[in-house]
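Reading through the structure tokens given below for one structure.
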Amino acid sequence: MQTHQAKRVAIIIEQVMESRLTDALANAGVSGWTVLPVLGGSGRSGEWSREGQVSRGTGMVQVVCIIRPERMDALLEAAFGVVERHIGVVTVSDCEVLRAERF
């Protein structure tokens, strides 16, 4: 079966920023993403967990996009415009897809 090169961009951000991020992605021409809950983790500020969190938000989410390599710069510029002032991590990895016309 033939596969096609693509990029997987995963953005972890505070849940209260989710709609701002997805709006920015849509404005940059990104047509698809998946939002997943993040249950906890550990980082520069130490360990954290969604459970028992006292804040205006309910934790973190991960927004995952799979796109064609030539569209990645626009996606990253849009994501960075939101993430640069907030807690967030952006990762990019190579992946392969079966139906290239969907991306």
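Residues are named by chain letter and number: chains run A, B, ... in the order of the structure tokens, numbers start at 1 in each chain, and ligands are numbered from 1 in the order shown.
Among the residues of range 53-90 of chain A, backbone DSSP assigns helix (DSSP H, G or I) to Pro69, Glu70, Arg71, Met72, Asp73, Ala74, Leu75, Leu76, Glu77, Ala78, Ala79, Phe80, Gly81, Val82 and Val83 of chain A.
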Would you output that residue set with N, CA and C atoms, as a PDB file, in the first residue's frame?
ATOM      1  N   PRO A  69       3.602  18.809   4.150  1.00  0.00           N
ATOM      2  CA  PRO A  69       4.801  19.557   4.560  1.00  0.00           C
ATOM      3  C   PRO A  69       4.818  21.005   4.070  1.00  0.00           C
ATOM      4  N   GLU A  70       4.329  21.277   2.876  1.00  0.00           N
ATOM      5  CA  GLU A  70       4.381  22.638   2.351  1.00  0.00           C
ATOM      6  C   GLU A  70       3.421  23.595   3.060  1.00  0.00           C
ATOM      7  N   ARG A  71       2.508  23.094   3.877  1.00  0.00           N
ATOM      8  CA  ARG A  71       1.566  23.941   4.606  1.00  0.00           C
ATOM      9  C   ARG A  71       1.981  24.169   6.057  1.00  0.00           C
ATOM     10  N   MET A  72       3.093  23.563   6.459  1.00  0.00           N
ATOM     11  CA  MET A  72       3.486  23.604   7.864  1.00  0.00           C
ATOM     12  C   MET A  72       3.846  25.001   8.362  1.00  0.00           C
ATOM     13  N   ASP A  73       4.538  25.812   7.577  1.00  0.00           N
ATOM     14  CA  ASP A  73       4.956  27.136   8.042  1.00  0.00           C
ATOM     15  C   ASP A  73       3.780  27.996   8.463  1.00  0.00           C
ATOM     16  N   ALA A  74       2.708  28.004   7.681  1.00  0.00           N
ATOM     17  CA  ALA A  74       1.526  28.794   8.030  1.00  0.00           C
ATOM     18  C   ALA A  74       0.911  28.301   9.332  1.00  0.00           C
ATOM     19  N   LEU A  75       0.870  26.977   9.511  1.00  0.00           N
ATOM     20  CA  LEU A  75       0.334  26.414  10.745  1.00  0.00           C
ATOM     21  C   LEU A  75       1.185  26.826  11.946  1.00  0.00           C
ATOM     22  N   LEU A  76       2.501  26.705  11.813  1.00  0.00           N
ATOM     23  CA  LEU A  76       3.374  27.045  12.938  1.00  0.00           C
ATOM     24  C   LEU A  76       3.317  28.523  13.291  1.00  0.00           C
ATOM     25  N   GLU A  77       3.223  29.397  12.305  1.00  0.00           N
ATOM     26  CA  GLU A  77       3.092  30.828  12.588  1.00  0.00           C
ATOM     27  C   GLU A  77       1.803  31.115  13.347  1.00  0.00           C
ATOM     28  N   ALA A  78       0.712  30.497  12.939  1.00  0.00           N
ATOM     29  CA  ALA A  78      -0.566  30.685  13.620  1.00  0.00           C
ATOM     30  C   ALA A  78      -0.506  30.150  15.049  1.00  0.00           C
ATOM     31  N   ALA A  79       0.067  28.970  15.223  1.00  0.00           N
ATOM     32  CA  ALA A  79       0.163  28.368  16.557  1.00  0.00           C
ATOM     33  C   ALA A  79       1.055  29.203  17.463  1.00  0.00           C
ATOM     34  N   PHE A  80       2.190  29.651  16.939  1.00  0.00           N
ATOM     35  CA  PHE A  80       3.109  30.424  17.764  1.00  0.00           C
ATOM     36  C   PHE A  80       2.493  31.754  18.183  1.00  0.00           C
ATOM     37  N   GLY A  81       1.654  32.323  17.338  1.00  0.00           N
ATOM     38  CA  GLY A  81       0.975  33.563  17.702  1.00  0.00           C
ATOM     39  C   GLY A  81       0.122  33.417  18.947  1.00  0.00           C
ATOM     40  N   VAL A  82      -0.368  32.227  19.212  1.00  0.00           N
ATOM     41  CA  VAL A  82      -1.174  31.961  20.411  1.00  0.00           C
ATOM     42  C   VAL A  82      -0.297  31.464  21.555  1.00  0.00           C
ATOM     43  N   VAL A  83       0.599  30.539  21.273  1.00  0.00           N
ATOM     44  CA  VAL A  83       1.380  29.867  22.309  1.00  0.00           C
ATOM     45  C   VAL A  83       2.451  30.772  22.928  1.00  0.00           C
TER      46      VAL A  83
END
Closest contacts (range 24-83 of chain A/range 1-19 of chain A, max 9 Å, only C-alpha atoms) as a tab-separated table:
residue	atom	partner	partner_atom	distance
A:Ala24	CA	A:Ser19	CA	8.4
A:Val35	CA	A:Glu18	CA	8.5
A:Pro37	CA	A:Gln15	CA	8.5
A:Val38	CA	A:Ile12	CA	8.0
A:Arg56	CA	A:Val16	CA	8.0
A:Gly57	CA	A:Val16	CA	5.7
A:Thr58	CA	A:Gln15	CA	6.4
A:Gly59	CA	A:Gln15	CA	5.8
A:Met60	CA	A:Glu14	CA	4.3
A:Val61	CA	A:Gln15	CA	5.4
A:Gln62	CA	A:Ile12	CA	4.3
A:Val63	CA	A:Ile11	CA	5.1
A:Val64	CA	A:Ala10	CA	4.5
A:Cys65	CA	A:Val9	CA	5.2
A:Ile66	CA	A:Arg8	CA	4.5
A:Ile67	CA	A:Lys7	CA	5.4
A:Arg68	CA	A:Ala6	CA	4.8
A:Pro69	CA	A:Ala6	CA	5.6
A:Met72	CA	A:Lys7	CA	7.4
A:Leu75	CA	A:Val9	CA	8.6
A:Leu76	CA	A:Val9	CA	8.4
A:Ala79	CA	A:Ile11	CA	7.8
A:Val82	CA	A:Met17	CA	8.0
A:Val83	CA	A:Ile13	CA	7.2
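For the pair CA of Gly88 in chain A and CA of Ala100 in chain A, the separation is 28.7 Å.
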As a ChimeraX atom specification, list the residues of chain A assigned to strand (DSSP E) by DSSP on the backbone atoms of this structure. /A:4-14,34-38,40-43,46-49,60-67,88-97
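Of note, CA of His86 in chain A and CA of Asp23 in chain A are spaced 16.0 Å apart.
The interatomic distance for the pair CA of Leu98 in chain A and CA of Leu21 in chain A works out to 26.9 Å.
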